[in-house]
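Student: Data file structure_27.cif (mmCIF, C-alpha atoms and all ligand atoms) is appended below.
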data_protein
#
loop_
_atom_site.label_atom_id
_atom_site.label_comp_id
_atom_site.auth_asym_id
_atom_site.auth_seq_id
_atom_site.Cartn_x
_atom_site.Cartn_y
_atom_site.Cartn_z
CA MET A 24 -59.32 12.24 15.62
CA HIS A 25 -59.55 12.86 11.92
CA ASN A 26 -56.90 10.80 10.16
CA ILE A 27 -56.97 7.07 10.81
CA THR A 28 -54.52 4.72 9.13
CA VAL A 29 -55.15 0.97 8.98
CA LEU A 30 -52.53 -1.60 7.87
CA SER A 31 -54.67 -4.23 6.17
CA GLY A 32 -54.60 -7.64 4.56
CA GLY A 33 -57.61 -8.98 2.69
CA MET A 34 -60.64 -10.48 4.35
CA GLY A 35 -59.98 -9.75 8.03
CA GLY A 36 -58.81 -6.21 7.32
CA ALA A 37 -61.66 -5.50 4.91
CA ARG A 38 -64.34 -6.64 7.34
CA PHE A 39 -62.81 -4.55 10.08
CA LEU A 40 -62.71 -1.52 7.77
CA ARG A 41 -66.40 -1.89 6.92
CA GLY A 42 -67.27 -1.96 10.61
CA LEU A 43 -64.95 0.96 11.37
CA LEU A 44 -66.53 3.12 8.65
CA HIS A 45 -70.01 2.07 9.76
CA GLY A 46 -69.16 3.04 13.33
CA ILE A 47 -67.54 6.36 12.39
CA GLY A 48 -70.51 7.37 10.22
CA ARG A 49 -72.94 6.67 13.05
CA GLY A 50 -70.89 8.29 15.81
CA LEU A 51 -70.26 4.93 17.49
CA VAL A 52 -66.49 5.42 17.73
CA PRO A 53 -65.86 8.00 20.46
CA GLY A 54 -63.34 10.72 19.72
CA VAL A 55 -63.38 10.15 15.95
CA ASP A 56 -64.89 12.84 13.70
CA ALA A 57 -67.92 11.76 11.66
CA ASP A 58 -66.08 12.88 8.51
CA ALA A 59 -62.78 11.26 9.45
CA VAL A 60 -60.57 10.01 6.63
CA VAL A 61 -59.44 6.38 6.74
CA THR A 62 -56.23 5.58 4.87
CA VAL A 63 -55.74 1.89 4.17
CA VAL A 64 -52.19 0.68 3.61
CA ALA A 65 -52.77 -2.72 2.00
CA ASN A 66 -50.55 -5.74 1.70
CA THR A 67 -49.41 -6.47 -1.86
CA ALA A 68 -47.12 -9.43 -1.16
CA ASP A 69 -49.95 -11.87 -2.05
CA ASP A 70 -49.97 -10.47 -5.60
CA LEU A 71 -49.34 -12.76 -8.51
CA TRP A 72 -49.29 -12.89 -12.28
CA VAL A 73 -51.73 -15.40 -13.72
CA HIS A 74 -52.72 -15.87 -17.38
CA GLY A 75 -50.64 -12.76 -18.11
CA LEU A 76 -52.67 -10.64 -15.68
CA LYS A 77 -51.62 -8.88 -12.50
CA VAL A 78 -53.87 -9.96 -9.63
CA CYS A 79 -53.80 -8.14 -6.27
CA PRO A 80 -56.00 -10.19 -3.92
CA ASP A 81 -55.83 -8.00 -0.82
CA LEU A 82 -56.26 -4.67 -2.64
CA ASP A 83 -59.26 -6.12 -4.46
CA THR A 84 -60.83 -7.65 -1.36
CA VAL A 85 -60.67 -4.29 0.40
CA MET A 86 -61.93 -2.42 -2.68
CA TYR A 87 -64.79 -4.80 -3.42
CA THR A 88 -65.79 -5.10 0.25
CA LEU A 89 -65.95 -1.35 0.85
CA GLY A 90 -67.57 -0.76 -2.55
CA ASP A 91 -70.21 -3.43 -1.90
CA GLY A 92 -69.08 -5.53 -4.85
CA ILE A 93 -67.72 -8.45 -2.82
CA ASP A 94 -69.25 -11.92 -2.81
CA PRO A 95 -70.45 -12.01 0.81
CA GLU A 96 -70.33 -15.80 1.20
CA ARG A 97 -66.84 -16.38 -0.24
CA GLY A 98 -65.44 -13.13 1.13
CA TRP A 99 -63.34 -12.64 -2.01
CA GLY A 100 -64.14 -11.93 -5.66
CA ARG A 101 -67.26 -10.38 -7.12
CA ARG A 102 -70.86 -11.00 -6.18
CA GLU A 103 -73.05 -12.56 -8.92
CA GLU A 104 -69.89 -13.97 -10.43
CA THR A 105 -69.78 -16.40 -13.38
CA TRP A 106 -66.87 -18.66 -14.35
CA SER A 107 -67.08 -19.18 -18.13
CA THR A 108 -63.56 -17.96 -18.84
CA LYS A 109 -62.12 -20.25 -16.18
CA GLU A 110 -63.95 -23.22 -17.74
CA GLU A 111 -62.77 -22.31 -21.23
CA LEU A 112 -59.14 -21.97 -20.07
CA ALA A 113 -59.36 -25.37 -18.36
CA ALA A 114 -60.77 -26.87 -21.58
CA TYR A 115 -57.58 -25.69 -23.32
CA GLY A 116 -55.56 -27.33 -20.55
CA VAL A 117 -54.08 -23.98 -19.51
CA GLU A 118 -52.40 -23.95 -16.09
CA PRO A 119 -52.90 -22.97 -13.37
CA THR A 120 -56.41 -24.39 -13.02
CA TRP A 121 -56.38 -24.01 -9.23
CA PHE A 122 -56.51 -20.20 -9.23
CA GLY A 123 -60.00 -19.14 -10.26
CA LEU A 124 -60.60 -15.76 -11.85
CA GLY A 125 -64.28 -14.99 -12.29
CA ASP A 126 -65.59 -13.30 -15.41
CA ARG A 127 -66.52 -10.04 -13.65
CA ASP A 128 -63.32 -10.02 -11.63
CA LEU A 129 -61.29 -10.46 -14.83
CA ALA A 130 -62.23 -6.96 -15.95
CA THR A 131 -60.43 -5.51 -12.92
CA HIS A 132 -57.26 -7.45 -13.73
CA LEU A 133 -57.44 -6.49 -17.40
CA VAL A 134 -57.71 -2.80 -16.58
CA ARG A 135 -54.92 -3.07 -14.00
CA THR A 136 -52.59 -4.94 -16.34
CA GLN A 137 -53.21 -2.56 -19.23
CA MET A 138 -52.43 0.44 -17.02
CA LEU A 139 -49.27 -1.22 -15.65
CA ASP A 140 -48.20 -2.02 -19.22
CA ALA A 141 -48.76 1.64 -20.11
CA GLY A 142 -46.33 2.60 -17.34
CA TYR A 143 -48.58 3.61 -14.46
CA PRO A 144 -47.41 2.52 -11.00
CA LEU A 145 -49.69 0.22 -8.99
CA SER A 146 -50.65 3.09 -6.66
CA GLN A 147 -52.08 5.11 -9.55
CA VAL A 148 -53.77 2.05 -11.00
CA THR A 149 -55.38 1.38 -7.61
CA GLU A 150 -56.55 4.97 -7.37
CA ALA A 151 -58.16 4.65 -10.80
CA LEU A 152 -59.90 1.39 -9.91
CA CYS A 153 -61.13 2.91 -6.64
CA ARG A 154 -62.81 5.73 -8.53
CA ARG A 155 -65.37 3.16 -9.57
CA TRP A 156 -65.70 1.37 -6.22
CA LEU A 157 -64.96 3.76 -3.39
CA THR A 158 -65.68 7.30 -4.55
CA PRO A 159 -69.38 6.74 -5.33
CA THR A 160 -70.11 4.92 -2.08
CA LEU A 161 -67.72 6.60 0.34
CA GLY A 162 -66.71 9.91 -1.25
CA ASP A 163 -63.41 11.12 0.16
CA ARG A 164 -63.62 9.11 3.39
CA VAL A 165 -61.32 6.28 2.28
CA ARG A 166 -57.96 6.14 0.50
CA LEU A 167 -56.50 2.78 -0.53
CA LEU A 168 -52.71 2.69 -0.83
CA PRO A 169 -50.62 -0.32 -1.89
CA MET A 170 -47.82 -0.82 0.64
CA THR A 171 -45.35 -0.54 -2.26
CA ASP A 172 -45.37 -0.09 -6.02
CA ASP A 173 -42.53 -2.61 -6.26
CA ARG A 174 -42.84 -6.33 -6.77
CA ALA A 175 -42.50 -8.21 -3.47
CA GLU A 176 -43.95 -11.72 -3.26
CA THR A 177 -44.41 -14.04 -0.34
CA HIS A 178 -43.11 -17.57 -0.86
CA ILE A 179 -43.53 -20.51 1.49
CA ALA A 180 -40.98 -23.29 1.93
CA ILE A 181 -42.59 -26.71 2.37
CA ALA A 182 -41.16 -30.20 2.81
CA ASP A 183 -40.77 -32.15 -0.45
CA ALA A 184 -39.31 -35.66 -0.32
CA ASP A 185 -38.81 -35.67 -4.12
CA SER A 186 -36.51 -32.65 -4.05
CA PRO A 187 -32.72 -33.09 -3.45
CA SER A 188 -32.84 -30.41 -0.74
CA GLY A 189 -35.90 -32.01 0.86
CA ARG A 190 -37.67 -28.69 0.38
CA ARG A 191 -39.66 -26.86 -2.22
CA VAL A 192 -40.67 -23.22 -2.34
CA VAL A 193 -44.11 -22.24 -3.60
CA HIS A 194 -45.81 -18.88 -4.09
CA PHE A 195 -48.04 -17.98 -1.15
CA GLN A 196 -51.14 -18.36 -3.34
CA GLU A 197 -50.13 -21.88 -4.30
CA TYR A 198 -49.65 -22.72 -0.62
CA TRP A 199 -53.01 -21.26 0.33
CA VAL A 200 -55.26 -21.92 -2.66
CA ARG A 201 -53.85 -25.12 -4.21
CA LEU A 202 -52.41 -26.80 -1.10
CA ARG A 203 -55.05 -25.31 1.26
CA ALA A 204 -52.27 -24.71 3.80
CA SER A 205 -52.58 -28.41 4.62
CA VAL A 206 -48.84 -29.11 4.68
CA PRO A 207 -46.58 -27.57 7.34
CA ALA A 208 -44.90 -24.31 6.35
CA GLU A 209 -41.17 -24.43 7.14
CA ALA A 210 -40.25 -20.85 6.31
CA VAL A 211 -41.74 -17.65 4.94
CA VAL A 212 -39.66 -15.65 2.48
CA VAL A 213 -40.87 -12.39 0.95
CA VAL A 214 -38.87 -12.05 -2.25
CA GLY A 215 -38.00 -8.43 -3.05
CA LEU A 216 -39.28 -6.96 0.22
CA ASP A 217 -35.90 -5.69 1.46
CA ASP A 218 -35.49 -3.62 -1.71
CA ALA A 219 -39.07 -2.34 -1.85
CA THR A 220 -39.84 1.37 -1.49
CA PRO A 221 -42.96 2.37 0.46
CA GLY A 222 -45.78 3.37 -1.89
CA PRO A 223 -46.56 7.08 -2.33
CA GLY A 224 -48.25 8.41 0.80
CA VAL A 225 -47.58 5.34 2.95
CA ILE A 226 -45.01 6.81 5.33
CA ASP A 227 -46.90 10.12 5.59
CA ALA A 228 -50.11 8.23 6.35
CA ILE A 229 -48.42 6.70 9.40
CA THR A 230 -46.48 9.80 10.44
CA ASP A 231 -49.40 12.24 10.11
CA ALA A 232 -52.13 9.96 11.49
CA ASP A 233 -54.12 10.66 14.63
CA LEU A 234 -54.51 6.90 15.13
CA VAL A 235 -52.94 3.83 13.53
CA VAL A 236 -54.76 0.48 13.69
CA LEU A 237 -53.46 -3.04 13.08
CA PRO A 238 -56.76 -4.80 12.35
CA PRO A 239 -57.31 -8.55 12.87
CA SER A 240 -55.28 -9.36 9.76
CA ASN A 241 -52.77 -12.16 9.31
CA PRO A 242 -49.72 -11.18 11.43
CA VAL A 243 -47.26 -12.93 9.10
CA VAL A 244 -48.35 -12.55 5.48
CA SER A 245 -50.51 -9.38 5.79
CA VAL A 246 -49.38 -7.06 8.59
CA GLY A 247 -45.96 -8.76 8.76
CA THR A 248 -45.16 -7.99 5.15
CA ILE A 249 -46.32 -4.37 5.46
CA LEU A 250 -44.07 -3.97 8.53
CA GLY A 251 -41.26 -5.46 6.45
CA VAL A 252 -41.36 -2.70 3.83
CA PRO A 253 -38.27 -0.60 4.59
CA ARG A 254 -39.09 2.50 6.74
CA VAL A 255 -42.62 1.38 7.66
CA ARG A 256 -41.67 -0.10 11.04
CA GLU A 257 -39.55 2.96 11.82
CA ALA A 258 -42.49 5.23 10.94
CA LEU A 259 -44.72 3.32 13.35
CA VAL A 260 -42.15 3.51 16.12
CA ALA A 261 -41.77 7.26 15.57
CA THR A 262 -45.33 8.42 14.89
CA ARG A 263 -47.03 10.66 17.45
CA ALA A 264 -50.26 8.76 16.86
CA PRO A 265 -51.22 5.92 19.19
CA VAL A 266 -50.95 2.51 17.53
CA VAL A 267 -53.49 -0.14 18.51
CA GLY A 268 -53.95 -3.73 17.35
CA LEU A 269 -56.72 -6.35 17.45
CA SER A 270 -55.94 -10.05 17.68
CA PRO A 271 -56.71 -12.28 14.68
CA ILE A 272 -56.11 -15.26 16.97
CA VAL A 273 -59.12 -16.19 19.09
CA GLY A 274 -59.10 -19.19 21.42
CA GLY A 275 -55.69 -20.34 20.20
CA THR A 276 -56.33 -20.39 16.47
CA HIS A 277 -57.17 -18.14 13.53
CA VAL A 278 -60.84 -17.39 12.98
CA ARG A 279 -60.39 -18.20 9.28
CA GLY A 280 -57.34 -18.44 7.06
CA MET A 281 -53.93 -19.94 7.84
CA ALA A 282 -52.34 -17.68 10.46
CA GLU A 283 -51.74 -20.69 12.72
CA GLN A 284 -49.54 -22.49 10.18
CA LEU A 285 -47.54 -19.36 9.38
CA LEU A 286 -47.06 -18.19 12.98
CA THR A 287 -45.70 -21.65 13.70
CA ALA A 288 -43.33 -21.32 10.73
CA ILE A 289 -41.84 -18.09 12.11
CA GLY A 290 -41.68 -19.40 15.68
CA VAL A 291 -44.42 -17.25 17.26
CA GLU A 292 -46.78 -18.81 19.79
CA VAL A 293 -50.25 -19.24 18.29
CA SER A 294 -52.19 -17.25 20.88
CA ALA A 295 -53.64 -13.78 21.24
CA ALA A 296 -50.91 -12.89 23.74
CA GLY A 297 -48.24 -14.44 21.54
CA VAL A 298 -49.17 -12.24 18.58
CA GLY A 299 -49.47 -9.09 20.70
CA LEU A 300 -46.05 -9.64 22.24
CA HIS A 301 -44.64 -10.50 18.80
CA TYR A 302 -45.70 -7.04 17.60
CA GLY A 303 -44.40 -5.71 20.91
CA SER A 304 -44.85 -2.55 22.94
CA ARG A 305 -43.55 0.76 21.63
CA THR A 306 -42.03 1.30 25.06
CA ASP A 307 -39.82 -1.68 24.30
CA GLY A 308 -38.87 -1.49 20.62
CA GLY A 309 -42.18 -2.83 19.29
CA VAL A 310 -44.94 -1.13 17.32
CA LEU A 311 -48.01 -1.13 19.61
CA ASP A 312 -49.47 1.07 22.37
CA GLY A 313 -52.40 -1.26 23.00
CA TRP A 314 -53.66 -4.74 22.14
CA LEU A 315 -57.18 -6.13 22.18
CA VAL A 316 -57.79 -9.83 22.70
CA ASP A 317 -61.10 -11.66 22.51
CA GLN A 318 -63.09 -12.23 25.69
CA VAL A 319 -62.37 -15.98 25.50
CA ASP A 320 -58.68 -15.06 25.88
CA ALA A 321 -59.23 -12.84 28.94
CA ASP A 322 -56.83 -15.05 30.93
CA GLN A 323 -54.00 -13.81 28.65
CA VAL A 324 -54.43 -10.10 29.42
CA ASP A 325 -52.05 -10.21 32.40
CA ALA A 326 -49.26 -11.77 30.34
CA VAL A 327 -49.57 -9.03 27.71
CA VAL A 328 -49.63 -6.27 30.33
CA ALA A 329 -46.61 -7.88 32.01
CA GLY A 330 -44.87 -7.52 28.63
CA GLY A 331 -45.38 -3.75 28.87
CA LEU A 332 -48.37 -3.63 26.52
CA PRO A 333 -51.75 -2.26 27.68
CA CYS A 334 -54.38 -4.89 26.90
CA ARG A 335 -58.12 -5.53 27.27
CA ALA A 336 -60.39 -8.44 26.49
CA VAL A 337 -63.56 -7.63 24.51
CA PRO A 338 -65.66 -9.55 21.95
CA LEU A 339 -63.60 -9.70 18.75
CA MET A 340 -65.82 -11.69 16.40
CA MET A 341 -66.80 -9.61 13.36
CA THR A 342 -70.28 -11.13 13.14
CA ASP A 343 -71.98 -7.95 11.88
CA LEU A 344 -71.31 -4.25 11.35
CA ASP A 345 -72.36 -3.16 14.84
CA ALA A 346 -70.21 -5.80 16.54
CA THR A 347 -67.25 -4.77 14.39
CA ALA A 348 -67.86 -1.06 15.10
CA ALA A 349 -67.83 -1.88 18.82
CA MET A 350 -64.41 -3.51 18.35
CA ALA A 351 -63.14 -0.34 16.69
CA ALA A 352 -64.56 1.77 19.54
CA ALA A 353 -62.86 -0.45 22.14
CA ALA A 354 -59.57 -0.15 20.26
CA VAL A 355 -59.78 3.67 20.22
CA GLU A 356 -60.73 3.78 23.89
CA LEU A 357 -57.78 1.60 24.87
CA VAL A 358 -55.22 4.06 23.53
CA ALA A 359 -57.11 7.39 23.68
CA ARG A 360 -55.04 9.97 25.46
P1 LIG A 401 -56.54 -12.33 4.10
O1 LIG A 401 -55.50 -11.50 3.40
O2 LIG A 401 -57.77 -12.54 3.28
O3 LIG A 401 -55.99 -13.58 4.72
O4 LIG A 401 -57.07 -11.42 5.29
P2 LIG A 401 -56.36 -10.72 6.50
O5 LIG A 401 -54.91 -11.00 6.58
O6 LIG A 401 -56.78 -9.29 6.50
O7 LIG A 401 -57.10 -11.41 7.71
C1 LIG A 401 -56.96 -12.78 7.98
C2 LIG A 401 -57.08 -12.94 9.47
O8 LIG A 401 -58.34 -12.43 9.89
C3 LIG A 401 -57.02 -14.38 9.94
O9 LIG A 401 -55.85 -14.57 10.70
C4 LIG A 401 -58.26 -14.53 10.80
O10 LIG A 401 -58.00 -15.19 12.01
C5 LIG A 401 -58.71 -13.12 11.06
N1 LIG A 401 -60.14 -12.99 11.21
C6 LIG A 401 -61.09 -13.25 10.30
N2 LIG A 401 -62.32 -13.03 10.82
C7 LIG A 401 -62.13 -12.61 12.10
C8 LIG A 401 -63.00 -12.23 13.17
O11 LIG A 401 -64.24 -12.22 13.06
N3 LIG A 401 -62.42 -11.86 14.37
C9 LIG A 401 -61.06 -11.86 14.54
N4 LIG A 401 -60.58 -11.47 15.71
N5 LIG A 401 -60.22 -12.22 13.55
C10 LIG A 401 -60.74 -12.59 12.35
CA CA A 402 -54.04 -11.83 1.80
#
Translate the structure of the given file into structure tokens.
Ligand code: GDP
Ligand code: CA
Tutor:
Amino acid sequence: MHNITVLSGGMGGARFLRGLLHGIGRGLVPGVDADAVVTVVANTADDLWVHGLKVCPDLDTVMYTLGDGIDPERGWGRREETWSTKEELAAYGVEPTWFGLGDRDLATHLVRTQMLDAGYPLSQVTEALCRRWLTPTLGDRVRLLPMTDDRAETHIAIADADSPSGRRVVHFQEYWVRLRASVPAEAVVVVGLDDATPGPGVIDAITDADLVVLPPSNPVVSVGTILGVPRVREALVATRAPVVGLSPIVGGTHVRGMAEQLLTAIGVEVSAAGVGLHYGSRTDGGVLDGWLVDQVDADQVDAVVAGGLPCRAVPLMMTDLDATAAMAAAAVELVAR
């Protein structure tokens, strides 16, 4: 296998990608060439405009993680970050104060916004930013593609007693960062998604792949939004490549993040089997040929298989690069023909 395509969100996807590349480079992923090319189709529905700047959290998390610029403790933003600009904006009383942009990170958003203002599409802006982060460390082994160049933004409906409708809709980042996903989500609406066009190279990356992977990313607001870009789901259903997924739900909840709240909002059972069957088997109108669950969820394998989806239980905690590479190897083995 030479061309691997991964549909990624931020933190979970980025960690998986690091382990995958580590494993490929060391020959730990059987059947995959040592010089294989990994194409990342990244979620952009978390994107927001803040202080006049375009911020793309998932693209940046992937870029910084693979380029070794990520803050390893936080898992987002730049390492050795400082926050002077944030403090100065707060001193002026400028809202929002809940979304922190670090001083180093700001440079990325300034460059991105200037290029967008000059008329470049997000895909070309991303390519330019990756020349700093990915080319020096990884050469031509990784391509990072926004799922779309169009604006599509996830919004979350929450209960609000003060509103006449009893509801209020907030941007996904406000739900996650300001509200800490602590109030129940009633609905997930991705504004603009139905009219979005897949980014350049996205459909080809799925169609021409030797393997497509759904990493342990959020099934609703990361993978779910990518699958919601018109023609992406159809490309997955039609591709000749095997499509394999890894569960982000372990032991009945997300490892980190807010997948539990959002799965509940869309009516999907919060379990490894529930997410696998939500994606569904390609033999039955779904998008997967195989599904990995964590070893603690081994008792759910039979239910997934009964749903027509080949399934195995293996360790799925991305504790270090070798453990993550072993997950990638198990995923390839499950669907290798
Ligand atoms: P985000 O955009 O930063 O939220 O990142 P993703 O959507 O790519 O990934 C978030 C998902 O990763 C969450 O649902 C987590 O449960 C999952 N996740 C994080 N770490 C791990 C891990 O070590 N193992 C597994 N199986 N899932 C994980
Ligand atoms: Ca995200």
Student: So which one's closest to Asp218 in chain A, A:Val252, A:Ile27, A:Val246, A:Ala349? Using only C-alpha atoms, please.
Tutor: A:Val252
Student: Any residue with an atom at most 7 Å from ligand LIG 401 (chain A) counts, using all atoms listed in the file. Which are they? Put them as a count of residues only.
Tutor: 29
Student: What does the distance from CA of Gly275 in chain A to CA of Ser294 in chain A come to in Å, to one decimal?
Tutor: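 Interatomic distance, CA of Gly275 in chain A to CA of Ser294 in chain A: 4.7 Å.
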Student: Please, what distance in Å, to one decimal, runs between CA of Thr84 in chain A and CA of Glu110 in chain A?
Tutor: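 CA of Thr84 in chain A sits 22.8 Å away from CA of Glu110 in chain A.
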Student: Name all residues at most 10 Å from Asp69 in chain A (count all atoms listed in the file; drop same-chain ones fewer than 5 positions away) and give them as a list in words.
Tutor: Gly32, Gly33, Val78, Cys79, Pro80, Asp81, Leu82, Ala175, Glu176, Thr177, His178, His194, Phe195, Gln196, Val213, Val244, Ser245 and Thr248 of chain A
Student: Just how far from CA of Asp172 in chain A is CA of Pro253 in chain A, in Å to one decimal?
Tutor: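 These atoms are spaced 12.8 Å apart.
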Student: When you look at Arg102 in chain A with a cut-off of 7 Å (counting all atoms listed in the file), what residues show up, excluding the ones that are within fewer than 2 positions of it in the same chain? I need them as a PyMOL selection string.
Tutor: chain A and resi 92-94+100+104
Student: Taking 5 positions as the minimum chain separation for residues in the same chain, which residues sit within 8 Å of range 156-161 of chain A when counting all atoms listed in the file? Answer as a list in words.
Tutor: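 That gives Met86, Tyr87, Leu89, Gly90, Asp91 and Gly92 of chain A.
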Student: Would you list the contacts of Val267 in chain A as a JSON list (two decimals) with C-alpha atoms, in the coordinates of the input, taking every protein, DNA or RNA residue within 7 Å and counting only C-alpha atoms, but skipping same-chain residues closer than 4 positions in sequence?
Tutor:
[["chain", "number", "residue", "atom", "x", "y", "z"],
["A", 235, "VAL", "CA", -52.94, 3.83, 13.53],
["A", 236, "VAL", "CA", -54.76, 0.48, 13.69],
["A", 237, "LEU", "CA", -53.46, -3.04, 13.08],
["A", 311, "LEU", "CA", -48.01, -1.13, 19.61],
["A", 312, "ASP", "CA", -49.47, 1.07, 22.37],
["A", 313, "GLY", "CA", -52.40, -1.26, 23.00],
["A", 314, "TRP", "CA", -53.66, -4.74, 22.14],
["A", 354, "ALA", "CA", -59.57, -0.15, 20.26],
["A", 358, "VAL", "CA", -55.22, 4.06, 23.53]]
Student: In terms of the shortest atom-to-atom distance over all atoms listed in the file, which of A:Val60, A:Leu202, A:Ala219, A:Leu40 is closest to Asn26 in chain A?
Tutor: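 Answer, going by the shortest atom-to-atom distance: A:Val60.
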Student: Would you list the residues near (-48.4, -7.1, 31.7) (no more than 12 Å away, in the coordinates of the file, using only C-alpha atoms) as a VMD selection string?
Tutor: chain A and resid 296 299 to 300 303 to 304 313 to 314 322 to 335
Student: Write out as a PyMOL selection string the residues lying within 10 Å of range 121-137 of chain A, counting all atoms listed in the file and excluding same-chain residues fewer than 6 positions away.
Tutor: chain A and resi 72-79+83+87+92-93+99-110+113+143-145+147-149+151-152+196-197+200-202
Student: Find, counting all atoms listed in the file, the residue in A:Ile249, A:Met138, A:Ala336, A:Val193 that gets nearest to ligand CA 402 (chain A).
Tutor: A:Ile249
Student: In terms of the shortest atom-to-atom distance over all atoms listed in the file, which of A:Val243, A:Gly189, A:Val355, A:Val206 is closest to ligand CA 402 (chain A)?
Tutor: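 Going through A:Val243, A:Gly189, A:Val355, A:Val206 one by one, the smallest distance to ligand CA 402 (chain A) is for A:Val243.
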Student: Kindly indicate which residue among A:Leu71, A:Leu315, A:Ala351, A:Ala359 lies nearest to Arg38 in chain A, using all atoms listed in the file for the distances.
Tutor: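 Ranked by minimum distance to Arg38 in chain A, first place goes to A:Ala351.
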Student: Got a moment to write range 44-57 of chain A out with N, CA, C and O atoms, as an mmCIF file, in the first residue's frame?
Tutor:
data_model
loop_
_atom_site.group_PDB
_atom_site.id
_atom_site.type_symbol
_atom_site.label_atom_id
_atom_site.label_comp_id
_atom_site.auth_asym_id
_atom_site.auth_seq_id
_atom_site.Cartn_x
_atom_site.Cartn_y
_atom_site.Cartn_z
ATOM 1 N N LEU A 44 2.631 7.477 11.082
ATOM 2 C CA LEU A 44 3.862 7.833 10.359
ATOM 3 C C LEU A 44 5.089 7.206 11.021
ATOM 4 O O LEU A 44 6.004 6.743 10.338
ATOM 5 N N HIS A 45 5.082 7.192 12.333
ATOM 6 C CA HIS A 45 6.161 6.531 13.082
ATOM 7 C C HIS A 45 6.236 5.056 12.680
ATOM 8 O O HIS A 45 7.301 4.535 12.360
ATOM 9 N N GLY A 46 5.071 4.401 12.672
ATOM 10 C CA GLY A 46 5.025 2.984 12.347
ATOM 11 C C GLY A 46 5.432 2.707 10.904
ATOM 12 O O GLY A 46 6.188 1.761 10.628
ATOM 13 N N ILE A 47 4.953 3.537 9.974
ATOM 14 C CA ILE A 47 5.299 3.339 8.562
ATOM 15 C C ILE A 47 6.811 3.474 8.378
ATOM 16 O O ILE A 47 7.456 2.636 7.746
ATOM 17 N N GLY A 48 7.386 4.525 8.953
ATOM 18 C CA GLY A 48 8.820 4.782 8.791
ATOM 19 C C GLY A 48 9.683 3.661 9.338
ATOM 20 O O GLY A 48 10.794 3.414 8.851
ATOM 21 N N ARG A 49 9.186 2.955 10.341
ATOM 22 C CA ARG A 49 9.964 1.882 10.959
ATOM 23 C C ARG A 49 9.531 0.492 10.507
ATOM 24 O O ARG A 49 9.930 -0.508 11.113
ATOM 25 N N GLY A 50 8.686 0.434 9.491
ATOM 26 C CA GLY A 50 8.259 -0.867 8.964
ATOM 27 C C GLY A 50 7.375 -1.642 9.925
ATOM 28 O O GLY A 50 7.304 -2.870 9.869
ATOM 29 N N LEU A 51 6.686 -0.933 10.814
ATOM 30 C CA LEU A 51 5.852 -1.609 11.818
ATOM 31 C C LEU A 51 4.424 -1.840 11.329
ATOM 32 O O LEU A 51 3.635 -2.497 12.004
ATOM 33 N N VAL A 52 4.097 -1.273 10.155
ATOM 34 C CA VAL A 52 2.728 -1.436 9.632
ATOM 35 C C VAL A 52 2.807 -2.333 8.402
ATOM 36 O O VAL A 52 3.177 -1.890 7.318
ATOM 37 N N PRO A 53 2.486 -3.612 8.561
ATOM 38 C CA PRO A 53 2.694 -4.579 7.482
ATOM 39 C C PRO A 53 1.905 -4.224 6.232
ATOM 40 O O PRO A 53 0.760 -3.775 6.320
ATOM 41 N N GLY A 54 2.558 -4.385 5.077
ATOM 42 C CA GLY A 54 1.871 -4.151 3.810
ATOM 43 C C GLY A 54 1.895 -2.712 3.354
ATOM 44 O O GLY A 54 1.404 -2.398 2.280
ATOM 45 N N VAL A 55 2.464 -1.814 4.179
ATOM 46 C CA VAL A 55 2.530 -0.397 3.795
ATOM 47 C C VAL A 55 3.980 -0.038 3.471
ATOM 48 O O VAL A 55 4.884 -0.301 4.274
ATOM 49 N N ASP A 56 4.195 0.554 2.290
ATOM 50 C CA ASP A 56 5.543 0.938 1.863
ATOM 51 C C ASP A 56 6.159 1.919 2.859
ATOM 52 O O ASP A 56 5.470 2.768 3.414
ATOM 53 N N ALA A 57 7.475 1.831 3.022
ATOM 54 C CA ALA A 57 8.172 2.734 3.955
ATOM 55 C C ALA A 57 8.093 4.183 3.484
ATOM 56 O O ALA A 57 8.202 5.112 4.294
#
